Structure formats: C-alpha cells, structure tokens
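J.: Data: target.cif, mmCIF, C-alpha atoms.
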data_entry
#
loop_
_atom_site.label_atom_id
_atom_site.label_comp_id
_atom_site.auth_asym_id
_atom_site.auth_seq_id
_atom_site.Cartn_x
_atom_site.Cartn_y
_atom_site.Cartn_z
CA MET A 675 -22.71 134.42 31.28
CA ARG A 676 -24.05 134.16 27.76
CA TYR A 677 -27.06 136.20 28.88
CA GLN A 678 -25.00 139.07 30.24
CA ALA A 679 -22.97 139.23 27.04
CA ALA A 680 -26.11 139.30 24.93
CA LEU A 681 -27.33 142.38 26.76
CA ARG A 682 -24.23 144.56 26.52
CA PRO A 683 -25.04 148.10 25.27
CA ASP A 684 -23.06 147.53 22.07
CA VAL A 685 -24.94 144.30 21.32
CA LEU A 686 -28.49 145.45 22.03
CA PRO A 687 -28.92 147.78 19.02
CA ARG A 688 -27.77 145.02 16.66
CA LEU A 689 -30.07 142.44 18.27
CA TYR A 690 -32.91 144.94 18.11
CA ARG A 691 -32.39 145.61 14.40
CA GLU A 692 -32.12 141.91 13.63
CA THR A 693 -35.29 141.00 15.49
CA VAL A 694 -37.26 143.78 13.83
CA SER A 695 -35.97 142.53 10.49
CA LEU A 696 -37.05 139.00 11.37
CA HIS A 697 -40.54 140.31 11.99
CA GLY A 698 -40.52 141.56 8.43
CA ALA A 699 -41.24 145.22 9.11
CA GLY A 700 -39.16 148.13 10.36
CA PHE A 701 -41.97 149.30 12.59
CA LEU A 702 -39.78 151.02 15.15
CA THR A 703 -37.08 153.59 14.80
CA ALA A 704 -34.60 154.46 17.50
CA ARG A 705 -36.71 157.48 18.38
CA GLN A 706 -39.94 155.49 18.40
CA ALA A 707 -38.38 152.94 20.70
CA GLN A 708 -38.43 155.41 23.58
CA PRO A 709 -41.08 154.78 26.28
CA ALA A 710 -44.39 156.37 25.37
CA ALA A 711 -45.71 159.08 27.65
CA SER A 712 -48.97 157.21 27.98
CA PHE A 713 -47.13 154.44 29.85
CA ASP A 714 -45.60 156.77 32.43
CA ALA A 715 -46.24 156.01 36.07
CA THR A 716 -49.62 157.67 36.64
CA ILE A 717 -52.59 156.91 38.85
CA ASP A 718 -56.00 157.80 37.49
CA THR A 719 -58.15 159.01 40.36
CA GLU A 720 -61.20 157.66 38.54
CA TYR A 721 -60.06 154.15 39.42
CA GLY A 722 -58.47 154.87 42.75
CA GLY A 723 -55.42 153.32 44.40
CA TYR A 724 -54.90 149.70 45.34
CA SER A 725 -54.76 148.24 48.79
CA SER A 726 -51.98 145.63 48.66
CA ALA A 727 -49.49 143.87 46.44
CA ALA A 728 -51.84 140.88 46.37
CA GLU A 729 -54.33 142.66 44.10
CA ARG A 730 -57.59 140.93 43.41
CA LEU A 731 -59.41 139.54 40.36
CA THR A 732 -62.69 137.76 39.50
CA VAL A 733 -64.46 135.88 36.59
CA ALA A 734 -68.17 135.08 35.54
CA GLN A 735 -69.16 131.83 33.83
CA ASP A 736 -69.06 131.56 30.07
CA VAL A 737 -69.67 128.57 27.85
CA VAL A 738 -68.63 128.91 24.23
CA GLY A 739 -70.82 126.93 21.85
CA SER A 740 -69.43 123.85 20.20
CA ILE A 741 -67.97 124.10 16.73
CA PRO A 742 -70.78 123.57 14.20
CA THR A 743 -70.64 120.77 11.68
CA SER A 744 -71.68 123.12 8.87
CA ARG A 745 -70.46 126.60 8.04
CA PRO A 746 -72.80 129.30 9.42
CA ASN A 747 -74.29 131.80 7.01
CA VAL A 748 -72.38 135.04 7.36
CA HIS A 749 -73.36 136.60 4.05
CA GLY A 750 -75.09 139.97 4.15
CA PRO A 751 -76.70 142.15 1.51
CA ARG A 752 -73.42 142.50 -0.32
CA GLY A 753 -72.64 138.80 -0.20
CA ARG A 754 -70.48 139.01 2.91
CA HIS A 755 -71.13 140.02 6.50
CA GLU A 756 -68.84 142.99 6.98
CA PRO A 757 -68.92 145.03 10.18
CA SER A 758 -68.46 148.75 9.78
CA TRP A 759 -64.86 149.41 10.66
CA PRO A 760 -64.16 151.32 12.82
CA ASN A 761 -67.66 151.43 14.32
CA CYS A 762 -67.23 147.93 15.75
CA ARG A 763 -63.79 148.68 17.15
CA VAL A 764 -63.23 149.14 20.86
CA SER A 765 -61.34 152.24 21.85
CA VAL A 766 -57.94 151.51 23.35
CA ASN A 767 -56.63 153.50 26.28
CA PRO A 768 -53.14 152.39 27.29
CA LYS A 769 -53.15 154.89 30.19
CA SER A 770 -53.89 152.31 32.87
CA PRO A 771 -53.98 153.11 36.58
CA GLU A 772 -50.80 152.02 38.23
CA ASN A 773 -50.49 149.39 40.93
CA LYS A 774 -48.29 151.33 43.32
CA ASP A 775 -47.52 148.38 45.54
CA VAL A 776 -45.22 146.63 43.08
CA ASP A 777 -42.61 149.29 43.82
CA GLN A 778 -42.82 149.07 47.60
CA GLU A 779 -40.25 147.37 49.77
CA ALA A 780 -40.01 143.60 49.55
CA SER A 781 -41.16 143.30 53.19
CA VAL A 782 -44.77 144.09 52.17
CA LEU A 783 -44.82 141.60 49.31
CA PRO A 784 -45.63 137.90 49.53
CA GLU A 785 -42.56 135.88 50.46
CA TRP A 786 -42.42 134.31 47.00
CA LEU A 787 -42.58 137.65 45.20
CA THR A 788 -39.45 139.75 44.68
CA PRO A 789 -39.44 143.23 43.11
CA PHE A 790 -38.88 143.27 39.36
CA GLU A 791 -35.95 145.39 38.16
CA PRO A 792 -35.66 145.40 34.35
CA GLN A 793 -32.33 145.08 32.62
CA ARG A 794 -30.65 148.46 32.47
CA TRP A 795 -30.96 148.65 28.68
CA LEU A 796 -34.45 147.11 28.50
CA THR A 797 -36.79 149.60 30.15
CA ASN A 798 -38.84 149.90 26.97
CA GLY A 799 -41.73 147.50 26.45
CA HIS A 800 -40.97 146.85 22.78
CA LEU A 801 -37.33 146.04 23.47
CA GLN A 802 -38.28 143.76 26.35
CA THR A 803 -40.78 141.96 24.11
CA ILE A 804 -38.47 141.48 21.13
CA VAL A 805 -35.28 140.61 23.02
CA GLY A 806 -37.25 138.34 25.37
CA ASN A 807 -38.62 136.44 22.39
CA TYR A 808 -35.22 135.70 20.89
CA LEU A 809 -32.90 135.53 23.90
CA PRO A 810 -31.51 131.97 24.20
CA ARG A 811 -32.27 129.77 27.18
CA PRO A 812 -30.52 126.63 28.41
CA ALA A 813 -31.95 123.64 26.56
CA PHE A 814 -34.67 121.65 28.34
CA ARG A 815 -33.26 118.14 28.05
CA VAL A 816 -35.49 116.15 30.41
CA ASP A 817 -36.79 112.96 28.81
CA GLY A 818 -40.48 113.02 28.08
CA VAL A 819 -43.34 111.23 26.38
CA ALA A 820 -45.21 112.82 23.48
CA GLU A 821 -48.79 111.64 23.04
CA THR A 822 -52.07 112.91 21.67
CA VAL A 823 -55.21 113.47 23.72
CA GLU A 824 -58.70 113.56 22.23
CA VAL A 825 -60.38 116.82 23.22
CA ASP A 826 -63.58 116.56 21.14
CA ALA A 827 -65.26 113.20 20.56
CA LEU A 828 -67.69 114.70 18.03
CA ASP A 829 -65.08 115.60 15.43
CA GLY A 830 -62.13 113.57 16.73
CA SER A 831 -59.95 116.61 17.46
CA ARG A 832 -56.72 115.77 19.25
CA VAL A 833 -53.93 117.84 20.79
CA LEU A 834 -50.30 116.89 21.23
CA CYS A 835 -48.89 116.93 24.76
CA HIS A 836 -45.28 116.50 25.91
CA CYS A 837 -45.21 114.93 29.38
CA HIS A 838 -42.33 114.85 31.85
CA TRP A 839 -43.00 112.75 34.94
CA GLN A 840 -41.29 112.52 38.30
CA PRO A 841 -40.35 108.99 39.52
CA ALA A 842 -43.30 106.60 39.77
CA PRO A 843 -43.31 106.26 43.60
CA VAL A 844 -44.09 109.99 44.01
CA LEU A 845 -45.68 110.85 40.67
CA ALA A 846 -49.33 110.96 41.81
CA GLN A 847 -48.59 113.08 44.89
CA ARG A 848 -46.47 115.68 43.11
CA LEU A 849 -48.00 118.85 41.79
CA THR A 850 -48.50 118.58 38.02
CA LEU A 851 -48.04 121.70 35.91
CA VAL A 852 -49.94 122.03 32.62
CA SER A 853 -48.49 124.87 30.50
CA VAL A 854 -50.35 126.57 27.64
CA HIS A 855 -48.58 128.74 25.06
CA GLY A 856 -49.71 131.91 23.28
CA LEU A 857 -51.01 132.73 19.81
CA GLU A 858 -49.03 130.92 17.10
CA GLY A 859 -46.70 129.46 19.71
CA SER A 860 -46.28 125.83 20.68
CA ALA A 861 -45.16 123.51 23.45
CA ASN A 862 -41.63 124.15 22.18
CA SER A 863 -41.77 127.93 22.56
CA ARG A 864 -38.81 129.20 24.55
CA TYR A 865 -40.87 130.55 27.43
CA ILE A 866 -42.73 127.23 27.71
CA GLN A 867 -39.48 125.28 27.82
CA GLY A 868 -38.13 127.76 30.34
CA ILE A 869 -40.99 127.34 32.81
CA ALA A 870 -40.97 123.57 32.21
CA ALA A 871 -37.30 123.27 33.16
CA ARG A 872 -37.76 125.26 36.35
CA ALA A 873 -40.93 123.42 37.34
CA PHE A 874 -39.39 119.99 36.78
CA ASP A 875 -36.31 120.97 38.80
CA ALA A 876 -38.68 122.05 41.59
CA GLY A 877 -40.12 118.52 41.71
CA PHE A 878 -43.28 119.01 39.65
CA ASN A 879 -44.61 116.84 36.87
CA VAL A 880 -44.81 118.89 33.67
CA ILE A 881 -47.25 118.66 30.74
CA ARG A 882 -46.47 120.96 27.82
CA MET A 883 -49.74 121.18 25.93
CA ASN A 884 -50.13 122.29 22.32
CA MET A 885 -53.35 124.00 21.36
CA ARG A 886 -55.20 122.50 18.41
CA ASN A 887 -53.14 122.70 15.19
CA CYS A 888 -50.06 124.03 16.98
CA GLY A 889 -46.68 122.32 17.15
CA GLY A 890 -47.09 120.86 13.65
CA THR A 891 -50.41 119.13 14.42
CA ASP A 892 -52.75 120.63 11.80
CA SER A 893 -53.75 117.13 10.67
CA LEU A 894 -54.98 116.11 14.14
CA THR A 895 -58.14 118.21 13.98
CA PRO A 896 -60.51 119.42 11.28
CA THR A 897 -61.09 122.63 13.23
CA LEU A 898 -59.21 125.86 13.83
CA TYR A 899 -58.10 126.95 17.29
CA HIS A 900 -59.28 130.04 19.16
CA SER A 901 -59.32 131.75 22.55
CA GLY A 902 -62.57 130.16 23.70
CA LEU A 903 -61.39 126.54 23.76
CA SER A 904 -60.83 126.39 27.50
CA GLY A 905 -62.54 123.01 27.48
CA ASP A 906 -59.51 121.54 25.71
CA VAL A 907 -57.32 122.45 28.67
CA GLY A 908 -59.85 120.93 31.06
CA THR A 909 -60.00 117.72 29.02
CA VAL A 910 -56.21 117.37 29.05
CA MET A 911 -56.12 117.97 32.79
CA SER A 912 -58.87 115.41 33.45
CA HIS A 913 -57.29 112.87 31.10
CA TYR A 914 -53.98 112.77 32.94
CA ALA A 915 -55.54 113.13 36.38
CA GLN A 916 -57.57 109.97 35.78
CA ARG A 917 -54.71 108.02 34.19
CA TYR A 918 -52.17 108.75 36.92
CA SER A 919 -54.47 109.50 39.89
CA LEU A 920 -53.01 113.00 40.10
CA GLU A 921 -53.95 114.76 43.30
CA ARG A 922 -53.15 118.36 42.35
CA VAL A 923 -52.84 120.10 38.98
CA ALA A 924 -51.81 123.71 38.35
CA LEU A 925 -52.28 125.62 35.10
CA VAL A 926 -49.87 128.18 33.66
CA GLY A 927 -50.69 130.20 30.55
CA TYR A 928 -48.99 132.91 28.55
CA SER A 929 -50.88 135.59 26.59
CA MET A 930 -53.66 133.73 24.71
CA GLY A 931 -52.89 130.69 26.84
CA GLY A 932 -53.35 132.89 29.90
CA ASN A 933 -56.87 133.72 28.78
CA LEU A 934 -57.60 130.00 28.33
CA VAL A 935 -56.43 128.94 31.80
CA LEU A 936 -58.21 131.84 33.53
CA LYS A 937 -61.41 131.11 31.62
CA LEU A 938 -61.23 127.46 32.61
CA ALA A 939 -60.59 128.37 36.24
CA GLY A 940 -63.72 130.54 36.25
CA GLU A 941 -65.78 127.78 34.68
CA TRP A 942 -64.25 124.99 36.81
CA ASP A 943 -64.93 126.60 40.20
CA ASN A 944 -62.93 124.62 42.81
CA GLN A 945 -63.27 121.15 41.32
CA PRO A 946 -60.28 118.89 41.92
CA PRO A 947 -57.65 118.29 40.81
CA LEU A 948 -57.24 122.00 39.92
CA CYS A 949 -55.36 123.69 42.75
CA ALA A 950 -53.72 126.82 41.29
CA VAL A 951 -53.51 129.02 38.19
CA ALA A 952 -50.88 131.45 36.95
CA ALA A 953 -51.05 133.71 33.89
CA VAL A 954 -48.35 135.93 32.37
CA CYS A 955 -49.60 138.88 30.30
CA PRO A 956 -52.96 137.16 29.71
CA ALA A 957 -55.20 138.44 26.90
CA ILE A 958 -58.16 138.79 29.24
CA ASP A 959 -59.97 141.49 27.24
CA LEU A 960 -59.78 140.17 23.70
CA ALA A 961 -61.38 143.06 21.83
CA VAL A 962 -59.12 145.82 23.10
CA GLY A 963 -56.07 143.59 22.70
CA SER A 964 -56.95 142.85 19.09
CA ASP A 965 -57.42 146.53 18.34
CA ALA A 966 -54.18 147.43 20.10
CA LEU A 967 -52.32 145.15 17.70
CA HIS A 968 -53.53 147.36 14.84
CA GLU A 969 -51.98 150.51 16.31
CA PRO A 970 -49.09 151.88 14.20
CA LEU A 971 -46.32 150.91 16.61
CA ASN A 972 -47.71 147.38 16.91
CA ARG A 973 -48.25 146.57 13.24
CA GLY A 974 -45.02 144.55 13.14
CA TYR A 975 -46.37 142.17 15.78
CA GLU A 976 -49.71 141.99 14.00
CA TRP A 977 -48.06 141.28 10.66
CA ASN A 978 -46.03 138.49 12.22
CA PHE A 979 -49.15 136.89 13.73
CA LEU A 980 -51.09 137.26 10.47
CA ARG A 981 -48.30 135.67 8.47
CA GLY A 982 -48.52 132.56 10.64
CA LEU A 983 -52.32 132.51 10.73
CA ARG A 984 -52.66 132.86 6.96
CA ALA A 985 -50.17 130.05 6.42
CA ARG A 986 -52.07 127.89 8.89
CA TYR A 987 -55.35 128.52 7.10
CA ALA A 988 -53.69 127.50 3.82
CA ARG A 989 -52.56 124.24 5.43
CA LYS A 990 -56.03 123.55 6.80
CA ARG A 991 -57.52 124.23 3.38
CA ALA A 992 -55.08 121.73 1.82
CA LEU A 993 -55.79 119.08 4.47
CA PHE A 994 -59.58 119.55 4.59
CA PRO A 995 -60.60 121.08 1.23
CA ALA A 996 -64.29 120.30 1.76
CA SER A 997 -64.37 122.28 5.00
CA TYR A 998 -62.56 125.50 4.05
CA VAL A 999 -63.12 127.85 1.14
CA PRO A 1000 -60.20 129.24 -0.88
CA ALA A 1001 -58.53 132.32 0.56
CA GLU A 1002 -59.64 134.30 -2.47
CA GLU A 1003 -63.28 133.83 -1.48
CA ILE A 1004 -62.58 135.21 1.99
CA GLY A 1005 -60.95 138.36 0.67
CA PRO A 1006 -58.14 140.44 2.10
CA VAL A 1007 -57.24 140.01 5.76
CA ARG A 1008 -55.24 142.99 6.96
CA SER A 1009 -55.66 142.80 10.71
CA ILE A 1010 -56.20 140.32 13.53
CA ARG A 1011 -59.73 141.64 13.91
CA GLU A 1012 -60.43 140.95 10.24
CA PHE A 1013 -59.00 137.45 10.59
CA ASP A 1014 -61.21 136.80 13.60
CA HIS A 1015 -64.26 138.19 11.80
CA LYS A 1016 -63.79 136.58 8.41
CA ILE A 1017 -62.26 133.24 9.46
CA VAL A 1018 -62.55 132.46 13.18
CA SER A 1019 -66.18 133.54 13.50
CA ARG A 1020 -67.06 131.88 10.20
CA TYR A 1021 -65.70 128.45 11.12
CA CYS A 1022 -65.97 128.41 14.91
CA GLY A 1023 -69.61 129.27 15.51
CA PHE A 1024 -69.50 132.98 16.31
CA ARG A 1025 -71.67 135.70 14.77
CA ASP A 1026 -68.74 138.04 14.15
CA ALA A 1027 -65.49 139.19 15.75
CA ASP A 1028 -67.26 141.10 18.51
CA ASP A 1029 -69.36 138.07 19.43
CA TYR A 1030 -66.20 135.96 19.52
CA TYR A 1031 -64.32 138.44 21.70
CA TYR A 1032 -67.24 138.72 24.11
CA ARG A 1033 -67.92 135.01 24.50
CA ALA A 1034 -64.29 133.83 24.57
CA ALA A 1035 -62.84 136.45 26.93
CA SER A 1036 -61.94 135.24 30.41
CA ALA A 1037 -62.97 138.70 31.66
CA ARG A 1038 -66.53 137.38 31.79
CA VAL A 1039 -65.71 134.65 34.31
CA VAL A 1040 -62.76 135.82 36.40
CA ASP A 1041 -65.01 136.69 39.34
CA ARG A 1042 -65.76 132.97 39.79
CA ILE A 1043 -62.16 131.82 40.25
CA GLN A 1044 -61.91 129.94 43.54
CA VAL A 1045 -58.33 128.61 43.54
CA PRO A 1046 -55.11 130.53 44.29
CA THR A 1047 -54.34 132.51 41.14
CA PHE A 1048 -51.40 134.71 40.17
CA ILE A 1049 -51.76 137.20 37.31
CA LEU A 1050 -48.79 139.19 36.04
CA HIS A 1051 -49.28 142.21 33.78
CA ALA A 1052 -46.86 144.88 32.56
CA GLN A 1053 -48.04 148.43 31.93
CA ASP A 1054 -45.65 148.72 28.99
CA ASP A 1055 -46.94 145.55 27.31
CA PRO A 1056 -47.29 146.72 23.71
CA PHE A 1057 -50.68 145.17 23.01
CA ILE A 1058 -52.31 143.64 26.10
CA ARG A 1059 -54.93 145.98 27.58
CA LEU A 1060 -57.21 145.71 30.59
CA LEU A 1061 -60.58 147.44 30.72
CA PRO A 1062 -61.48 149.28 33.96
CA GLU A 1063 -64.29 146.85 34.76
CA THR A 1064 -61.96 143.88 34.28
CA ARG A 1065 -59.35 145.47 36.50
CA ALA A 1066 -62.01 145.97 39.16
CA LYS A 1067 -62.96 142.29 38.98
CA LEU A 1068 -59.34 141.25 39.34
CA LEU A 1069 -58.86 143.44 42.37
CA ALA A 1070 -62.05 142.23 44.04
CA ASN A 1071 -61.40 138.48 44.08
CA PRO A 1072 -59.57 137.39 47.28
CA ASN A 1073 -58.26 134.29 45.50
CA ILE A 1074 -56.24 136.28 42.97
CA THR A 1075 -52.88 137.96 43.35
CA PHE A 1076 -52.77 140.58 40.61
CA ILE A 1077 -49.34 142.14 40.11
CA GLU A 1078 -48.92 145.00 37.66
CA THR A 1079 -45.42 146.30 36.96
CA ARG A 1080 -44.27 149.41 35.11
CA HIS A 1081 -41.96 147.39 32.85
CA GLY A 1082 -41.72 143.87 31.49
CA GLY A 1083 -43.06 144.03 27.92
CA HIS A 1084 -45.11 141.12 26.61
CA CYS A 1085 -44.20 137.82 28.29
CA ALA A 1086 -40.57 138.95 28.66
CA TYR A 1087 -39.69 140.27 32.13
CA LEU A 1088 -35.93 140.31 31.59
CA SER A 1089 -34.44 141.36 34.91
CA ARG A 1090 -31.01 142.40 36.15
CA ASP A 1091 -30.47 139.04 37.80
CA PRO A 1092 -27.47 137.09 36.47
CA GLY A 1093 -27.48 134.06 34.17
CA ASN A 1094 -30.73 132.19 33.69
CA ASP A 1095 -32.30 134.12 36.58
CA ILE A 1096 -32.74 136.96 34.10
CA HIS A 1097 -36.13 135.35 33.34
CA TRP A 1098 -37.87 136.84 36.37
CA ALA A 1099 -41.45 135.82 35.49
CA GLU A 1100 -40.60 132.13 35.18
CA ALA A 1101 -38.73 132.10 38.49
CA THR A 1102 -41.61 133.95 40.18
CA LEU A 1103 -44.26 131.54 38.84
CA VAL A 1104 -42.40 128.55 40.24
CA ARG A 1105 -42.02 130.20 43.65
CA PHE A 1106 -45.76 130.95 43.63
CA LEU A 1107 -46.57 127.31 42.90
CA GLN A 1108 -44.17 126.17 45.59
CA SER A 1109 -45.95 128.44 48.08
CA VAL A 1110 -49.28 126.88 47.10
CA ALA A 1111 -47.77 123.43 47.64
CA VAL A 1112 -46.58 124.41 51.12
CA GLN A 1113 -49.97 125.85 52.07
CA LEU A 1114 -51.80 122.74 50.94
CA SER A 1115 -49.39 120.46 52.77
CA ARG A 1116 -49.96 122.46 55.97
CA THR A 1117 -53.70 121.92 55.67
CA GLY A 1118 -53.17 118.18 55.42
CA GLN A 1119 -53.72 117.84 51.68
CA ALA A 1120 -51.15 115.58 50.07
CA LEU A 1121 -48.98 117.47 47.61
CA GLY A 1122 -45.36 117.09 46.64
CA SER A 1123 -43.11 119.97 45.63
#
In structure tokens, how does this file's structure come out?
T.:
Amino acid sequence: MRYQAALRPDVLPRLYRETVSLHGAGFLTARQAQPAASFDATIDTEYGGYSSAAERLTVAQDVVGSIPTSRPNVHGPRGRHEPSWPNCRVSVNPKSPENKDVDQEASVLPEWLTPFEPQRWLTNGHLQTIVGNYLPRPAFRVDGVAETVEVDALDGSRVLCHCHWQPAPVLAQRLTLVSVHGLEGSANSRYIQGIAARAFDAGFNVIRMNMRNCGGTDSLTPTLYHSGLSGDVGTVMSHYAQRYSLERVALVGYSMGGNLVLKLAGEWDNQPPLCAVAAVCPAIDLAVGSDALHEPLNRGYEWNFLRGLRARYARKRALFPASYVPAEEIGPVRSIREFDHKIVSRYCGFRDADDYYYRAASARVVDRIQVPTFILHAQDDPFIRLLPETRAKLLANPNITFIETRHGGHCAYLSRDPGNDIHWAEATLVRFLQSVAVQLSRTGQALGS
C-alpha cells in the first residue's frame, strides 16, 4: 500500500515540488500545473472521427546511413553550418483529434484492454510524467546474465544486455521480450524493470537492452547513439534468436525506444522471429517532439535531457579524444534541436537536425508494419506530438492497435488501481503480448506464454 500512501493529496504537492527541484528548474507553478485548454477533449472535423478502439497505423521503409569513419564537413560561410532558427523549426500543434473510443464501454474494447482511469490527483500530464518517473516500484530480483552484443562489426560497437531466461526445457518455445528504454534512460530505468518483472512472471524470457553508451557503457563504442539505430535492436534480436533457437520475439519500446522498435518493425516486414511490437508514448515524429521540448512549460524536461547529453559528450571526448572536438569548438547548446544539429548530425552522418529527424523517424515506415502492434499515446503527454499524416498512417494499418487516451502523461499512466497495478501501461502491454501468444498458439505456431 506504499503506492496509495505516496499519492495522498497531502503528499502529492511535496512530491511534485521535490521532483521539479530534482530537474533543476522550477518550470511549473501550481497555476501552470492545471490542464491546458489545448489538451481538452476536442475532435477536429478536419481529421474526422475514428472507427474503433483498435485504431490503425502504418510505416514506410527507411535506411539510415552507417556512421562515417571521418567527421563530415558541416562548416558554412561563417565557419559553422547553422540553420536559421526558427525557420527550420516545425510548428507544434498540441490540439490533436481525440480518439473517442478509448472512453467507450469495456465491451467494445479488445479483451486485453481495460479503460484507463487516472489517479484522482494525477489528471494533469506534467504531474503524471513527474510522479510516474519517481514513484517506487517493487524491485526486480530475478537472476539474470549481463553480456555485451556486437552491433557494428565495422567499428566494434557493442551494447550491454541483461537477459532473464525461463527454464531450459521451455526457453526456446517461450515468447522472448526485448525492451528498449528512452532518451538518457537505461536497462535499469524503473519502467523497464517494471515491464520486465511482469513479463517474466507471465512466462516470457526477458532481454533488457541498453542503447549504445547507456547504462554506463560509453567505453563499448566509439560512436554516439541516436533515434535511427533500429539496426542495433534487430542485431540483438537476431543474436539471441540464433543462440537459443528462439521461435518468437516481441519488442517493447518507450519514448525514443518506441521509435526504434516501430522503425525496425517497418523495416523488418514479417521476418521471423519478430511476432509483435508494443510502444508507449513513442517519439514517432522526431521534429515536432524536439520542438515541443523547447516550449516554455517543457524547458525543465529539456534541461534535464541536455544535462545528461552534455555530460555524455564530455565522457566520449575523454574516452576518444581523436574523434570528438572540445565542447568549446561546438559552441553553446541550448536546446535538443541544437544538440541534434551541432553534435548528432555532425558525428552520425546527417546533414543537419532536419535531415536526422526525417531519416530516423519511424513515421516514414509505419505503413509497412506487418506484425501485431500496440501503440499507446496520451493526449496530455507534455512533449510527444503526432502529425496528422502520421496519425492517418497509424489508423490505416490493420496490424496496429492505436490507443489514444486523454490522460497518462509521458510513459506514466498511473491509474486508480491498487498497489503495483497502478502502472496501467505495463499491465496492458503484458496482456496484449499474452493475447498474441494465444492467437499464435491457436494457429498452430509454437509459442509459450
């Protein structure tokens, strides 16, 4: 009942103040914390209504170029390639059309999907996001094996994976879940441990994958990490599928990790062993999401991300001094877009931030997804945005269940359910994967659950 106590009305304001302080900026006041009018339940007739709770999504193929061995020339007439801010910025419209079906009776929803009712005191997206990030979870204490997997033979890049296997007699037949964290997270992020615990209890094998450099692994790769490295996820999946003869693998990603798994699914088509994909608050449209982080109410989140990214760049510079220039030569970095333009594009083979956002976004390939896919998005997510054309792709693909709720914040979804069931998204993802397992078993395809 630790969770119920943590959400008492007298405790919430203190937790809110402490978490804002931890982010290093008092970017919200009590008045600002009220739900914005732009997130009210509205339906824009320009986009029309939706037909069912199992809303649809699609993806077109995209292949991001390999990381170059030498630094590309980004210097312009003034010695540095600088886009004209704000001319290169994408306008952000948080007034998204509402998916009405998420509020209908449970009888019209898939059996594995229950209506989401936010905690009484957490109907604001910022509060959901912040409290969800710091709310304790039961410790994930299942024994596992930590090992590195080479994801790029050209430069020797490796990622660290934490594997938790079911007993050997059933290991190969059980569904294997590969989880991918968000920006500046790791395999030890609370939401990753939360979904891992539930998935393992449901009988799945679990692989908690770190992106390049994450989880204290900066020395394992000379490169940076970015949203276009979907091939790393595919390499990890193939590596373990071959080693253990895995019959079915499902991918789960959060935020940036959600973009990676959706992008891979669009590129992978229906190749085995991939059998299902789930994404929570995925950063599908990278440009508008980056610009949303620079909005006044979101600067605290952006500052927190930038603090970690700057520190990571400093570590990479110390580890590989011949590959990275001093921070002073790069100049000030005051936004995620500037970081992506001045650093990510410079070292990862993109022309500029806009080229990176275009080529790395899963929005370009979602129409090609051919496996059962569940996408969860909250309208009050502070900084994840969906463009109308992306929303149309999601709704058009019969393989995708796209659920959009009024509340939930960013990767939080703290519900009124008691105890650990407060984490509604994690419980829903596991039920979705269990339903996929049942469907495959009915069609005669071996799959444990």
J.: Mind telling me what the PyMOL selection byres ((chain A and resi 997) around 10) catches here, as a list in words?
T.: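 Answer for the PyMOL selection byres ((chain A and resi 997) around 10): Thr743, Ser744, Arg745, Pro896, Thr897, Lys990, Arg991, Ala992, Leu993, Phe994, Pro995, Ala996, Tyr998, Val999 and Tyr1021 of chain A.
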J.: Output C-alpha atoms for every residue in the selection just made, as a PDB file, in the frame of the given file.
T.:
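The resulting selection-v3.pdb:
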ATOM      1  CA  THR A 743     -70.640 120.770  11.680  1.00  0.00           C
ATOM      2  CA  SER A 744     -71.680 123.120   8.870  1.00  0.00           C
ATOM      3  CA  ARG A 745     -70.460 126.600   8.040  1.00  0.00           C
ATOM      4  CA  PRO A 896     -60.510 119.420  11.280  1.00  0.00           C
ATOM      5  CA  THR A 897     -61.090 122.630  13.230  1.00  0.00           C
ATOM      6  CA  LYS A 990     -56.030 123.550   6.800  1.00  0.00           C
ATOM      7  CA  ARG A 991     -57.520 124.230   3.380  1.00  0.00           C
ATOM      8  CA  ALA A 992     -55.080 121.730   1.820  1.00  0.00           C
ATOM      9  CA  LEU A 993     -55.790 119.080   4.470  1.00  0.00           C
ATOM     10  CA  PHE A 994     -59.580 119.550   4.590  1.00  0.00           C
ATOM     11  CA  PRO A 995     -60.600 121.080   1.230  1.00  0.00           C
ATOM     12  CA  ALA A 996     -64.290 120.300   1.760  1.00  0.00           C
ATOM     13  CA  TYR A 998     -62.560 125.500   4.050  1.00  0.00           C
ATOM     14  CA  VAL A 999     -63.120 127.850   1.140  1.00  0.00           C
ATOM     15  CA  TYR A1021     -65.700 128.450  11.120  1.00  0.00           C
TER      16      TYR A1021
END
J.: Evaluate the PyMOL selection byres ((chain A and resi 898) around 7) against this structure - the residues, as a list in words, please.
T.: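 Going through the file, the PyMOL selection byres ((chain A and resi 898) around 7) ends up selecting Arg886, Asn887, Thr897, Tyr899 and His900 of chain A.
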J.: Report as a PyMOL selection string the residues that result from applying the PyMOL selection byres ((chain A and resi 903) around 9) to the structure here.
T.: chain A and resi 738+885+899-902+904-907+934+938+1034
J.: Smallest atom-to-atom distance to Thr895 of chain A: which of A:Gly830, A:Gly1082, A:Gly931, A:Pro1046, using all atoms listed in the file?
T.: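 Closest to Thr895 of chain A of all the choices is A:Gly830.
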J.: Padding of 4 Å on every side, edges along x, y and z, all listed atoms of segment 884-903 of chain A included: what centre and edge lengths in Å, to one decimal, does that box have, as lines of an AutoDock Vina configuration file?
T.:
center_x = -54.6
center_y = 123.9
center_z = 17.2
size_x = 23.9
size_y = 23.6
size_z = 21.1
J.: Within 7 Å of (-54.1, 135.0, 47.4), all atoms listed in the file: residues as a list of chain:residue names?
T.: A:Ala728, A:Pro1046, A:Thr1047, A:Pro1072, A:Asn1073, A:Ile1074, A:Thr1075
J.: When you look at Ala1086 of chain A with a cut-off of 9 Å (counting all atoms listed in the file), what residues show up, excluding the ones that are within fewer than 3 positions of it in the same chain? I need them as a list in words.
T.: Gly799, Gln802, Thr803, Ile804, Val805, Gly806, Asn807, Tyr865, Gly1082, Gly1083, His1097, Trp1098 and Ala1099 of chain A
J.: Using all atoms listed in the file, can you tell me which of A:Asp892, A:Glu921, A:Glu821, A:Glu1012 comes closest to Glu976 of chain A?
T.: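 For Glu976 of chain A, the nearest of the candidates is A:Glu1012.
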J.: Suppose you want the space between atom CA of Asp875 of chain A and atom CA of Tyr918 of chain A; what is it in Å?
T.: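 Between these atoms lies a distance of 20.1 Å.
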J.: Rank A:Leu783, A:Val935, A:Leu1050, A:Ala873 by their smallest atom-to-atom distance to Ser1036 of chain A, using only C-alpha atoms, and report the top residue only.
T.: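 Under the stated criterion, the closest residue is A:Val935.
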J.: Take atom CA of Cys1022 of chain A and atom CA of Lys937 of chain A and report the distance between them in Å, one decimal.
T.: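 Interatomic distance here is 17.5 Å.
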J.: Mind giving me the straight-line distance from atom CA of Ala1027 of chain A to atom CA of Arg1011 of chain A in Å, one decimal?
T.: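 Answer for the atom CA of Ala1027 of chain A to atom CA of Arg1011 of chain A separation: 6.5 Å.
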J.: My list of candidates is A:Ile869, A:Ala813, A:Ala1001, A:Leu1069. Which is closest to Leu1107 of chain A when distances are computed with all atoms listed in the file?
T.: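 Under the stated criterion, the closest residue is A:Ile869.
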J.: I need the residue nearest Arg811 of chain A from this list: A:Leu796, A:Ala988, A:Ala870, A:Leu1061. Use all atoms listed in the file for the distance.
T.: A:Ala870
